[in-house]
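So this one's data_9.txt, compact mmCIF, C-alpha atoms:
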# COMPACT_ATOMS: atom_id res chain seq x y z
CA MET U 1 -15.57 -0.11 3.99
CA ASN U 2 -14.08 -1.73 7.05
CA ASN U 3 -13.45 0.66 9.92
CA ARG U 4 -11.13 -1.60 11.84
CA GLY U 5 -7.79 0.07 12.59
CA VAL U 6 -4.51 -1.00 11.01
CA LEU U 7 -1.78 -2.39 13.24
CA THR U 8 1.38 -0.64 12.09
CA VAL U 9 4.79 -1.96 13.07
CA VAL U 10 7.51 0.67 12.91
CA SER U 11 11.14 -0.45 12.91
CA GLY U 12 14.31 1.23 11.78
CA PHE U 13 17.93 1.92 12.51
CA SER U 14 18.78 3.08 16.04
CA GLY U 15 19.18 6.84 15.93
CA VAL U 16 17.00 7.28 12.86
CA GLY U 17 14.32 9.14 14.82
CA LYS U 18 11.43 6.67 14.71
CA GLY U 19 10.37 7.43 18.29
CA THR U 20 10.09 11.14 17.53
CA LEU U 21 8.16 10.38 14.34
CA ILE U 22 5.64 8.23 16.23
CA ASN U 23 5.17 10.83 18.98
CA LYS U 24 4.60 13.58 16.41
CA LEU U 25 2.07 11.42 14.58
CA LEU U 26 0.21 10.66 17.81
CA GLY U 27 0.16 14.35 18.69
CA LYS U 28 -1.11 15.44 15.29
CA TYR U 29 -3.91 12.99 14.46
CA ASP U 30 -6.30 11.39 16.92
CA ASN U 31 -7.00 8.24 14.94
CA TYR U 32 -3.76 6.73 16.26
CA ALA U 33 -3.01 4.87 19.47
CA LEU U 34 0.25 3.61 20.83
CA SER U 35 0.56 -0.03 21.76
CA VAL U 36 1.30 -0.43 25.47
CA SER U 37 3.98 -3.02 26.28
CA ALA U 38 4.04 -5.44 29.16
CA THR U 39 7.33 -5.69 31.05
CA THR U 40 8.78 -7.39 34.10
CA ARG U 41 11.27 -4.62 34.81
CA GLY U 42 10.63 -2.33 37.77
CA MET U 43 8.71 0.90 37.40
CA ARG U 44 11.00 3.94 37.18
CA PRO U 45 10.32 7.31 38.77
CA GLY U 46 7.83 9.26 36.71
CA GLU U 47 6.44 6.18 34.95
CA GLN U 48 2.75 5.35 35.14
CA GLU U 49 1.07 1.94 35.00
CA GLY U 50 -0.62 1.47 31.61
CA LYS U 51 0.88 4.52 29.92
CA ARG U 52 3.93 3.12 28.13
CA TYR U 53 4.07 -0.14 30.08
CA PHE U 54 1.97 -2.58 32.03
CA PHE U 55 4.24 -3.64 34.90
CA ILE U 56 3.75 -7.33 35.67
CA SER U 57 5.61 -10.15 37.42
CA VAL U 58 7.74 -12.78 35.71
CA ASP U 59 5.08 -15.41 36.51
CA GLU U 60 2.35 -13.31 34.97
CA PHE U 61 4.50 -12.65 31.91
CA GLU U 62 5.35 -16.32 31.39
CA ASP U 63 1.70 -17.12 31.81
CA LYS U 64 0.88 -14.71 28.98
CA ILE U 65 3.50 -16.39 26.81
CA HIS U 66 1.94 -19.81 27.34
CA GLN U 67 -1.59 -18.51 26.82
CA ASN U 68 -0.56 -16.92 23.49
CA GLU U 69 -1.59 -13.55 24.81
CA LEU U 70 1.43 -11.74 23.41
CA LEU U 71 1.87 -10.61 19.81
CA GLU U 72 5.62 -10.67 20.34
CA TYR U 73 8.08 -10.68 23.22
CA ALA U 74 11.77 -10.66 23.95
CA LYS U 75 14.09 -10.78 26.95
CA TYR U 76 16.67 -8.04 27.42
CA VAL U 77 19.07 -8.06 30.36
CA ASP U 78 16.91 -10.45 32.43
CA ASN U 79 13.70 -8.51 31.82
CA TYR U 80 10.83 -9.51 29.59
CA TYR U 81 9.20 -7.04 27.22
CA GLY U 82 6.20 -7.87 25.08
CA THR U 83 3.03 -6.69 23.36
CA PRO U 84 -0.27 -7.82 24.90
CA ARG U 85 -2.55 -8.86 22.08
CA LYS U 86 -5.82 -8.03 23.86
CA TYR U 87 -5.06 -4.33 24.28
CA VAL U 88 -4.06 -4.01 20.62
CA GLU U 89 -7.18 -5.92 19.50
CA GLU U 90 -9.46 -3.62 21.51
CA MET U 91 -8.01 -0.48 19.98
CA LEU U 92 -8.14 -1.92 16.46
CA LYS U 93 -11.82 -2.77 17.00
CA ASN U 94 -12.39 0.83 18.10
CA GLY U 95 -11.03 1.94 14.73
CA LYS U 96 -7.69 3.16 16.03
CA ASP U 97 -4.57 2.64 13.94
CA VAL U 98 -2.21 1.13 16.48
CA LEU U 99 1.49 1.96 16.37
CA LEU U 100 4.03 -0.55 17.59
CA GLU U 101 7.73 0.33 17.67
CA ILE U 102 9.76 -2.88 17.74
CA GLU U 103 12.82 -4.51 16.22
CA ILE U 104 12.82 -6.99 13.37
CA GLN U 105 12.58 -10.15 15.51
CA GLY U 106 9.42 -8.73 17.09
CA ALA U 107 8.11 -7.59 13.71
CA ARG U 108 8.47 -11.13 12.40
CA GLN U 109 6.54 -12.55 15.35
CA VAL U 110 3.74 -10.02 14.83
CA LYS U 111 3.49 -10.80 11.09
CA LYS U 112 3.14 -14.47 11.93
CA LEU U 113 0.20 -13.88 14.29
CA MET U 114 -1.32 -10.93 12.39
CA PRO U 115 -0.30 -11.14 8.73
CA GLU U 116 -2.46 -8.09 8.04
CA ALA U 117 -0.12 -5.86 10.07
CA LEU U 118 1.49 -3.09 8.05
CA THR U 119 5.25 -3.00 8.56
CA ILE U 120 7.35 0.11 7.93
CA PHE U 121 11.12 0.46 8.16
CA VAL U 122 12.45 3.96 8.81
CA MET U 123 15.64 4.77 6.90
CA PRO U 124 18.12 7.64 6.97
CA PRO U 125 18.56 9.55 3.68
CA SER U 126 22.04 8.00 3.46
CA ALA U 127 24.39 5.84 5.52
CA LEU U 128 26.53 8.92 6.07
CA THR U 129 23.61 10.74 7.72
CA LEU U 130 23.10 7.73 9.97
CA LYS U 131 26.78 7.70 10.91
CA GLU U 132 26.70 11.42 11.65
CA ARG U 133 23.61 11.00 13.82
CA LEU U 134 25.19 8.15 15.77
CA VAL U 135 28.39 10.13 16.24
CA GLY U 136 26.66 13.43 16.92
CA ARG U 137 24.40 12.23 19.69
CA ASN U 138 27.14 12.33 22.29
CA THR U 139 30.86 12.18 22.90
CA GLU U 140 31.30 8.42 22.93
CA SER U 141 34.58 6.78 22.03
CA SER U 142 35.10 5.53 18.49
CA ASP U 143 34.77 1.99 19.87
CA VAL U 144 31.22 2.73 20.96
CA ILE U 145 30.45 4.32 17.62
CA ARG U 146 31.87 1.33 15.76
CA GLU U 147 29.71 -0.90 17.97
CA ARG U 148 26.64 1.11 16.94
CA LEU U 149 27.54 0.90 13.28
CA LYS U 150 27.89 -2.86 13.65
CA ARG U 151 24.46 -2.91 15.19
CA ALA U 152 23.19 -0.94 12.20
CA VAL U 153 24.63 -3.62 9.92
CA VAL U 154 22.58 -6.22 11.79
CA GLU U 155 19.49 -3.98 11.73
CA SER U 156 19.84 -3.55 7.96
CA GLN U 157 19.57 -7.28 7.21
CA GLY U 158 15.82 -7.70 6.91
CA ILE U 159 14.65 -4.40 5.44
CA GLU U 160 13.07 -6.06 2.39
CA GLU U 161 10.75 -8.02 4.66
CA TYR U 162 8.98 -4.78 5.52
CA ASP U 163 6.02 -3.66 3.44
CA CYS U 164 7.26 -0.09 3.10
CA ILE U 165 10.29 2.03 3.76
CA LEU U 166 10.19 5.62 4.92
CA VAL U 167 13.16 7.92 4.43
CA ASN U 168 13.30 10.27 7.42
CA ASP U 169 14.92 13.34 5.90
CA ASP U 170 12.71 16.08 7.29
CA LEU U 171 10.65 15.37 10.42
CA ASP U 172 7.45 17.20 9.44
CA THR U 173 7.39 15.77 5.93
CA SER U 174 8.13 12.31 7.28
CA VAL U 175 5.21 12.48 9.72
CA GLU U 176 2.93 13.27 6.76
CA LYS U 177 4.41 10.43 4.71
CA LEU U 178 3.95 8.00 7.59
CA ASN U 179 0.34 9.09 7.93
CA ALA U 180 -0.20 8.79 4.16
CA ILE U 181 1.21 5.25 4.04
CA ILE U 182 -0.94 4.06 6.94
CA GLN U 183 -4.13 5.74 5.69
CA ALA U 184 -3.68 4.35 2.16
CA SER U 185 -3.32 0.84 3.57
CA HIS U 186 -6.98 0.97 4.65
CA TYR U 187 -7.91 0.55 0.96
CA GLN U 188 -6.16 -2.80 0.60
CA SER U 189 -8.64 -5.39 -0.66
CA PHE U 190 -7.85 -7.98 2.00
CA ARG U 191 -8.96 -5.50 4.69
CA ASN U 192 -12.36 -5.08 3.02
CA THR U 193 -13.57 -8.57 2.25
CA SER U 194 -16.92 -8.17 4.05
CA PHE U 195 -17.71 -5.04 2.03
CA ILE U 196 -16.68 -6.74 -1.21
CA ASN U 197 -18.79 -9.80 -0.44
CA LYS U 198 -21.81 -7.67 0.46
CA ILE U 199 -21.68 -5.79 -2.84
CA ARG U 200 -21.21 -9.02 -4.76
CA GLU U 201 -24.18 -10.69 -3.08
CA ASP U 202 -26.42 -7.66 -3.62
CA VAL U 203 -25.45 -7.36 -7.29
CA ASN U 204 -26.29 -11.05 -7.65
CA VAL U 205 -29.72 -10.54 -6.10
CA PHE U 206 -30.47 -7.54 -8.33
CA SER U 207 -29.42 -9.38 -11.47
CA GLU U 208 -31.79 -12.23 -10.67
CA GLY U 209 -34.70 -10.12 -9.49
CA GLU U 210 -37.34 -8.24 -11.48
CA MET N 211 14.35 6.48 -3.22
CA ASN N 212 13.41 5.18 -6.61
CA ASN N 213 11.84 7.75 -8.91
CA ARG N 214 10.41 5.31 -11.41
CA GLY N 215 6.69 5.75 -11.88
CA VAL N 216 4.09 3.24 -10.76
CA LEU N 217 1.95 1.50 -13.36
CA THR N 218 -1.58 1.66 -11.99
CA VAL N 219 -4.30 -0.54 -13.39
CA VAL N 220 -7.78 0.81 -12.75
CA SER N 221 -10.76 -1.52 -13.16
CA GLY N 222 -14.27 -1.44 -11.81
CA PHE N 223 -17.92 -1.96 -12.53
CA SER N 224 -19.30 -0.42 -15.72
CA GLY N 225 -21.01 2.81 -14.79
CA VAL N 226 -19.02 3.32 -11.60
CA GLY N 227 -17.29 6.40 -12.97
CA LYS N 228 -13.69 5.21 -13.31
CA GLY N 229 -13.15 7.08 -16.56
CA THR N 230 -14.20 10.37 -14.96
CA LEU N 231 -11.98 9.65 -11.96
CA ILE N 232 -8.96 9.08 -14.18
CA ASN N 233 -9.60 12.21 -16.23
CA LYS N 234 -9.93 14.33 -13.09
CA LEU N 235 -6.73 12.87 -11.69
CA LEU N 236 -4.86 13.59 -14.93
CA GLY N 237 -6.19 17.14 -14.93
CA LYS N 238 -5.25 17.82 -11.33
CA TYR N 239 -1.71 16.42 -10.97
CA ASP N 240 0.98 16.42 -13.61
CA ASN N 241 2.85 13.36 -12.38
CA TYR N 242 0.32 11.15 -14.14
CA ALA N 243 0.18 9.91 -17.71
CA LEU N 244 -2.46 7.89 -19.49
CA SER N 245 -1.45 4.72 -21.22
CA VAL N 246 -2.17 4.90 -24.94
CA SER N 247 -3.75 1.78 -26.44
CA ALA N 248 -3.07 0.23 -29.79
CA THR N 249 -6.10 -0.77 -31.83
CA THR N 250 -6.97 -2.13 -35.23
CA ARG N 251 -10.32 -0.38 -35.41
CA GLY N 252 -10.67 2.58 -37.73
CA MET N 253 -10.07 6.12 -36.55
CA ARG N 254 -13.29 7.99 -35.76
CA PRO N 255 -13.97 11.65 -36.53
CA GLY N 256 -12.25 13.84 -33.95
CA GLU N 257 -9.76 11.17 -32.89
CA GLN N 258 -6.04 11.80 -33.09
CA GLU N 259 -3.24 9.30 -33.66
CA GLY N 260 -1.37 8.69 -30.38
CA LYS N 261 -3.77 10.54 -28.11
CA ARG N 262 -6.00 7.77 -26.83
CA TYR N 263 -5.06 5.21 -29.48
CA PHE N 264 -2.30 4.22 -31.85
CA PHE N 265 -4.15 3.07 -34.96
CA ILE N 266 -2.39 0.10 -36.54
CA SER N 267 -3.16 -2.73 -38.95
CA VAL N 268 -4.10 -6.27 -37.98
CA ASP N 269 -0.71 -7.46 -39.23
CA GLU N 270 1.12 -4.93 -37.13
CA PHE N 271 -1.00 -5.83 -34.11
CA GLU N 272 -0.41 -9.56 -34.47
CA ASP N 273 3.26 -8.86 -34.90
CA LYS N 274 3.27 -7.03 -31.57
CA ILE N 275 1.53 -10.00 -29.95
CA HIS N 276 4.19 -12.38 -31.16
CA GLN N 277 7.04 -10.06 -30.20
CA ASN N 278 5.65 -9.75 -26.66
CA GLU N 279 5.32 -6.03 -27.14
CA LEU N 280 1.91 -5.82 -25.51
CA LEU N 281 1.25 -5.78 -21.78
CA GLU N 282 -2.24 -7.06 -22.46
CA TYR N 283 -4.65 -7.32 -25.35
CA ALA N 284 -8.12 -8.48 -26.23
CA LYS N 285 -10.37 -8.74 -29.26
CA TYR N 286 -13.79 -7.08 -29.21
CA VAL N 287 -16.13 -7.31 -32.20
CA ASP N 288 -13.33 -8.23 -34.63
CA ASN N 289 -11.05 -5.45 -33.49
CA TYR N 290 -7.91 -5.82 -31.42
CA TYR N 291 -7.21 -3.52 -28.47
CA GLY N 292 -4.01 -3.67 -26.44
CA THR N 293 -1.41 -1.85 -24.37
CA PRO N 294 2.00 -1.32 -25.98
CA ARG N 295 4.63 -2.07 -23.39
CA LYS N 296 7.29 0.28 -24.79
CA TYR N 297 5.22 3.44 -24.39
CA VAL N 298 4.33 2.53 -20.79
CA GLU N 299 7.97 1.70 -20.00
CA GLU N 300 9.18 5.05 -21.35
CA MET N 301 6.75 7.01 -19.21
CA LEU N 302 7.54 4.97 -16.10
CA LYS N 303 11.25 5.66 -16.65
CA ASN N 304 10.44 9.36 -16.88
CA GLY N 305 8.92 9.10 -13.42
CA LYS N 306 5.30 9.29 -14.55
CA ASP N 307 2.68 7.21 -12.78
CA VAL N 308 0.93 5.57 -15.68
CA LEU N 309 -2.81 4.95 -15.56
CA LEU N 310 -4.31 2.03 -17.43
CA GLU N 311 -8.08 1.51 -17.48
CA ILE N 312 -8.80 -2.10 -18.34
CA GLU N 313 -10.97 -5.06 -17.36
CA ILE N 314 -9.97 -7.94 -15.17
CA GLN N 315 -8.69 -10.21 -17.93
CA GLY N 316 -6.33 -7.44 -19.01
CA ALA N 317 -5.36 -6.69 -15.41
CA ARG N 318 -4.35 -10.33 -14.95
CA GLN N 319 -2.19 -10.23 -18.08
CA VAL N 320 -0.48 -7.05 -16.87
CA LYS N 321 0.20 -8.49 -13.40
CA LYS N 322 1.82 -11.49 -15.04
CA LEU N 323 4.23 -9.37 -17.06
CA MET N 324 4.68 -6.58 -14.50
CA PRO N 325 3.94 -7.96 -11.03
CA GLU N 326 4.89 -4.58 -9.56
CA ALA N 327 1.82 -2.96 -11.14
CA LEU N 328 -0.61 -1.50 -8.62
CA THR N 329 -4.16 -2.67 -9.25
CA ILE N 330 -7.21 -0.78 -8.04
CA PHE N 331 -10.85 -1.78 -8.33
CA VAL N 332 -13.39 1.04 -8.22
CA MET N 333 -16.57 0.18 -6.32
CA PRO N 334 -19.94 1.88 -5.83
CA PRO N 335 -20.89 2.70 -2.22
CA SER N 336 -23.55 -0.01 -2.50
CA ALA N 337 -25.04 -2.36 -5.09
CA LEU N 338 -28.17 -0.24 -5.01
CA THR N 339 -26.19 2.84 -6.09
CA LEU N 340 -24.73 0.83 -8.94
CA LYS N 341 -28.18 -0.33 -10.02
CA GLU N 342 -29.49 3.24 -9.88
CA ARG N 343 -26.59 4.47 -11.97
CA LEU N 344 -27.11 1.76 -14.57
CA VAL N 345 -30.82 2.48 -14.70
CA GLY N 346 -30.47 6.24 -14.52
CA ARG N 347 -28.08 6.63 -17.42
CA ASN N 348 -30.79 6.29 -20.04
CA THR N 349 -34.17 4.92 -20.80
CA GLU N 350 -33.20 1.39 -21.73
CA SER N 351 -35.59 -1.53 -21.39
CA SER N 352 -35.47 -3.65 -18.26
CA ASP N 353 -33.92 -6.41 -20.39
CA VAL N 354 -30.95 -4.19 -21.13
CA ILE N 355 -30.66 -3.23 -17.47
CA ARG N 356 -30.79 -6.87 -16.40
CA GLU N 357 -28.08 -7.58 -18.96
CA ARG N 358 -25.92 -4.85 -17.38
CA LEU N 359 -26.51 -6.21 -13.90
CA LYS N 360 -25.48 -9.65 -15.13
CA ARG N 361 -22.34 -8.10 -16.50
CA ALA N 362 -21.75 -6.53 -13.07
CA VAL N 363 -22.00 -10.00 -11.54
CA VAL N 364 -19.22 -11.17 -13.84
CA GLU N 365 -17.17 -8.03 -13.16
CA SER N 366 -17.48 -8.62 -9.41
CA GLN N 367 -15.85 -12.06 -9.51
CA GLY N 368 -12.20 -11.14 -9.17
CA ILE N 369 -12.24 -8.06 -6.94
CA GLU N 370 -10.03 -9.68 -4.26
CA GLU N 371 -7.27 -10.09 -6.83
CA TYR N 372 -6.85 -6.32 -6.86
CA ASP N 373 -4.41 -4.70 -4.44
CA CYS N 374 -6.85 -2.02 -3.37
CA ILE N 375 -10.47 -1.06 -3.65
CA LEU N 376 -11.73 2.48 -3.97
CA VAL N 377 -15.30 3.38 -3.10
CA ASN N 378 -16.42 6.12 -5.47
CA ASP N 379 -18.98 7.96 -3.35
CA ASP N 380 -17.98 11.55 -3.99
CA LEU N 381 -15.96 12.38 -7.11
CA ASP N 382 -13.59 14.97 -5.61
CA THR N 383 -12.85 12.90 -2.50
CA SER N 384 -12.35 9.81 -4.65
CA VAL N 385 -9.80 11.58 -6.85
CA GLU N 386 -7.84 12.45 -3.70
CA LYS N 387 -8.09 8.88 -2.42
CA LEU N 388 -6.91 7.51 -5.76
CA ASN N 389 -3.96 9.89 -5.68
CA ALA N 390 -3.18 8.96 -2.06
CA ILE N 391 -3.20 5.21 -2.80
CA ILE N 392 -0.90 5.59 -5.81
CA GLN N 393 1.51 7.96 -4.07
CA ALA N 394 1.76 5.76 -0.96
CA SER N 395 2.65 2.78 -3.16
CA HIS N 396 5.95 4.47 -4.02
CA TYR N 397 7.13 3.61 -0.48
CA GLN N 398 6.73 -0.14 -0.97
CA SER N 399 10.04 -1.87 -0.22
CA PHE N 400 10.13 -3.89 -3.43
CA ARG N 401 10.15 -0.64 -5.43
CA ASN N 402 13.22 0.60 -3.56
CA THR N 403 15.67 -2.29 -3.54
CA SER N 404 18.56 -0.30 -5.05
CA PHE N 405 18.24 2.35 -2.36
CA ILE N 406 18.04 -0.29 0.38
CA ASN N 407 21.09 -2.11 -0.98
CA LYS N 408 23.08 1.11 -1.23
CA ILE N 409 22.41 2.03 2.41
CA ARG N 410 23.25 -1.51 3.52
CA GLU N 411 26.54 -1.53 1.62
CA ASP N 412 27.56 1.89 2.95
CA VAL N 413 26.68 0.98 6.54
CA ASN N 414 28.83 -2.13 6.11
CA VAL N 415 31.77 -0.09 4.85
CA PHE N 416 31.46 2.40 7.74
CA SER N 417 31.29 -0.35 10.34
CA GLU N 418 34.50 -1.90 9.02
CA GLY N 419 36.42 1.31 8.48
CA GLU N 420 38.24 3.52 11.02

As structure tokens, please, write out the structure in this file.
Amino acid sequence: MNNRGVLTVVSGFSGVGKGTLINKLLGKYDNYALSVSATTRGMRPGEQEGKRYFFISVDEFEDKIHQNELLEYAKYVDNYYGTPRKYVEEMLKNGKDVLLEIEIQGARQVKKLMPEALTIFVMPPSALTLKERLVGRNTESSDVIRERLKRAVVESQGIEEYDCILVNDDLDTSVEKLNAIIQASHYQSFRNTSFINKIREDVNVFSEGE
Amino acid sequence: MNNRGVLTVVSGFSGVGKGTLINKLLGKYDNYALSVSATTRGMRPGEQEGKRYFFISVDEFEDKIHQNELLEYAKYVDNYYGTPRKYVEEMLKNGKDVLLEIEIQGARQVKKLMPEALTIFVMPPSALTLKERLVGRNTESSDVIRERLKRAVVESQGIEEYDCILVNDDLDTSVEKLNAIIQASHYQSFRNTSFINKIREDVNVFSEGE
């Protein structure tokens, strides 16, 4: 079978805990790698080049856009953020399952360039749990909370476009489920066409021989 | 999430061990059920009505064909064999993952009527292994073996149409892989549309309220 890694896009409601899930998964199994983003925003204290981000200039970033070197990108508050394709490709070739945490617009861009990407949407057990998590995180005003719920409405629009959903009820169980979904995807036929063709050719040869 | 079972179609080369795989899986986990076929052939000594087969008359069988009560059917050596839809439906509703061992023509019929069925093709680790298994099973003439290899060529034609492939190298590992593939399929978005819609509606209500 193919030992190329699977690019896995993880999206989900804000506050649903997808970042924690991904970190736990990375800490538990060493067949995973995190995609490193490129950004034009300044480096913050404690940040390291190439760990979570490659820090590049606006010119360099726009160059990457025009050279089709990004799997997806977006601009937030005057800064570009994007996923360099080359880095992802290298890790996939090394057999690593690459994790990419992005929003739906980014997920759509990735699917366009790499239709074989596995996309997973992380869900709360119920909308009430989500509300409680959004409220419970801090002491924001009800305006801010309503704003977040409105954002959740937007985030909920494209869930069906994702290959799988994952209900994050218990962190440890959810890490195992996430791992199970990604590992099972390696068996998809379209990821194993060379192996299938090899068997078919060999069976053909045997049936004609002797 | 949805607790409806997943109908899993298992196909594969003759001699690849798919029957053994299925029996092991059924013995190990109790969330599985085997689809029971309808047939017009006579009951053999030791067989029981409703265990592997429902034994019915040709008239009854043809009636089921015309009433669209079969997920798939075929005629071998003057006898009909088919999969009654109602029995499968009942078990799926009870949350059982239903296993159906059939050939590609049957798999195509099932996919047409139940596109949500998960289809798995069981492969040997190599064509050579397959040849050795076909040869090793008995002391048939090389004509018979060539006939079997020719059959394997035919069987290999539609592998890409299956959702997943499973390489049966070691029986115990393969049972676990089969289980993993089927269990992971429960997370597919299209199997969970009611849950997704419920969350979306509730989030909407919350965002408008207060």

Distance of atom CA of N:Pro334 from atom CA of N:Tyr372, expressed in Å to one decimal place: 15.5 Å

Draw an axis-aligned box tight on the listed atoms of stretch 250-267 of chain N, then pad every side by 3 Å and write out centre and edge lengths in Å to one decimal as JSON.
{"center_x": -7.7, "center_y": 5.6, "center_z": -32.9, "size_x": 18.6, "size_y": 22.6, "size_z": 18.1}

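Minimum atom-to-atom distances from U:Gly42, U:Val203, U:Val16, U:Val58 to N:Leu344 were compared using only C-alpha atoms, and the lowest value belongs to U:Val203.
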
Counting all atoms listed in the file, the option among N:Glu257, N:Ala317, N:Leu376, N:Asn414 closest to U:Arg151: N:Asn414

Residue neighbourhood stretch 322-333 of chain N, 9 Å, all atoms listed in the file, exclusion window fewer than 6 positions, as a count of residues only: 35

Nearest to U:Ser142 by atom-to-atom distance, counting all atoms listed in the file, from N:Asn212, N:Arg262, N:Ser247, N:Ser417: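 Of the candidates, the smallest distance to U:Ser142 is held by N:Ser417.
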
Option closest in space to chain U, from N:Gly260, N:Gly368, N:Gly229, N:Pro255 [counting all atoms listed in the file]: N:Gly368

Answer as a PyMOL selection string, residues within 12 Å of (0.5, 1.3, -35.0) using all atoms listed in the file: chain N and resi 246-253+259-260+263-274+279-280+290-294+297
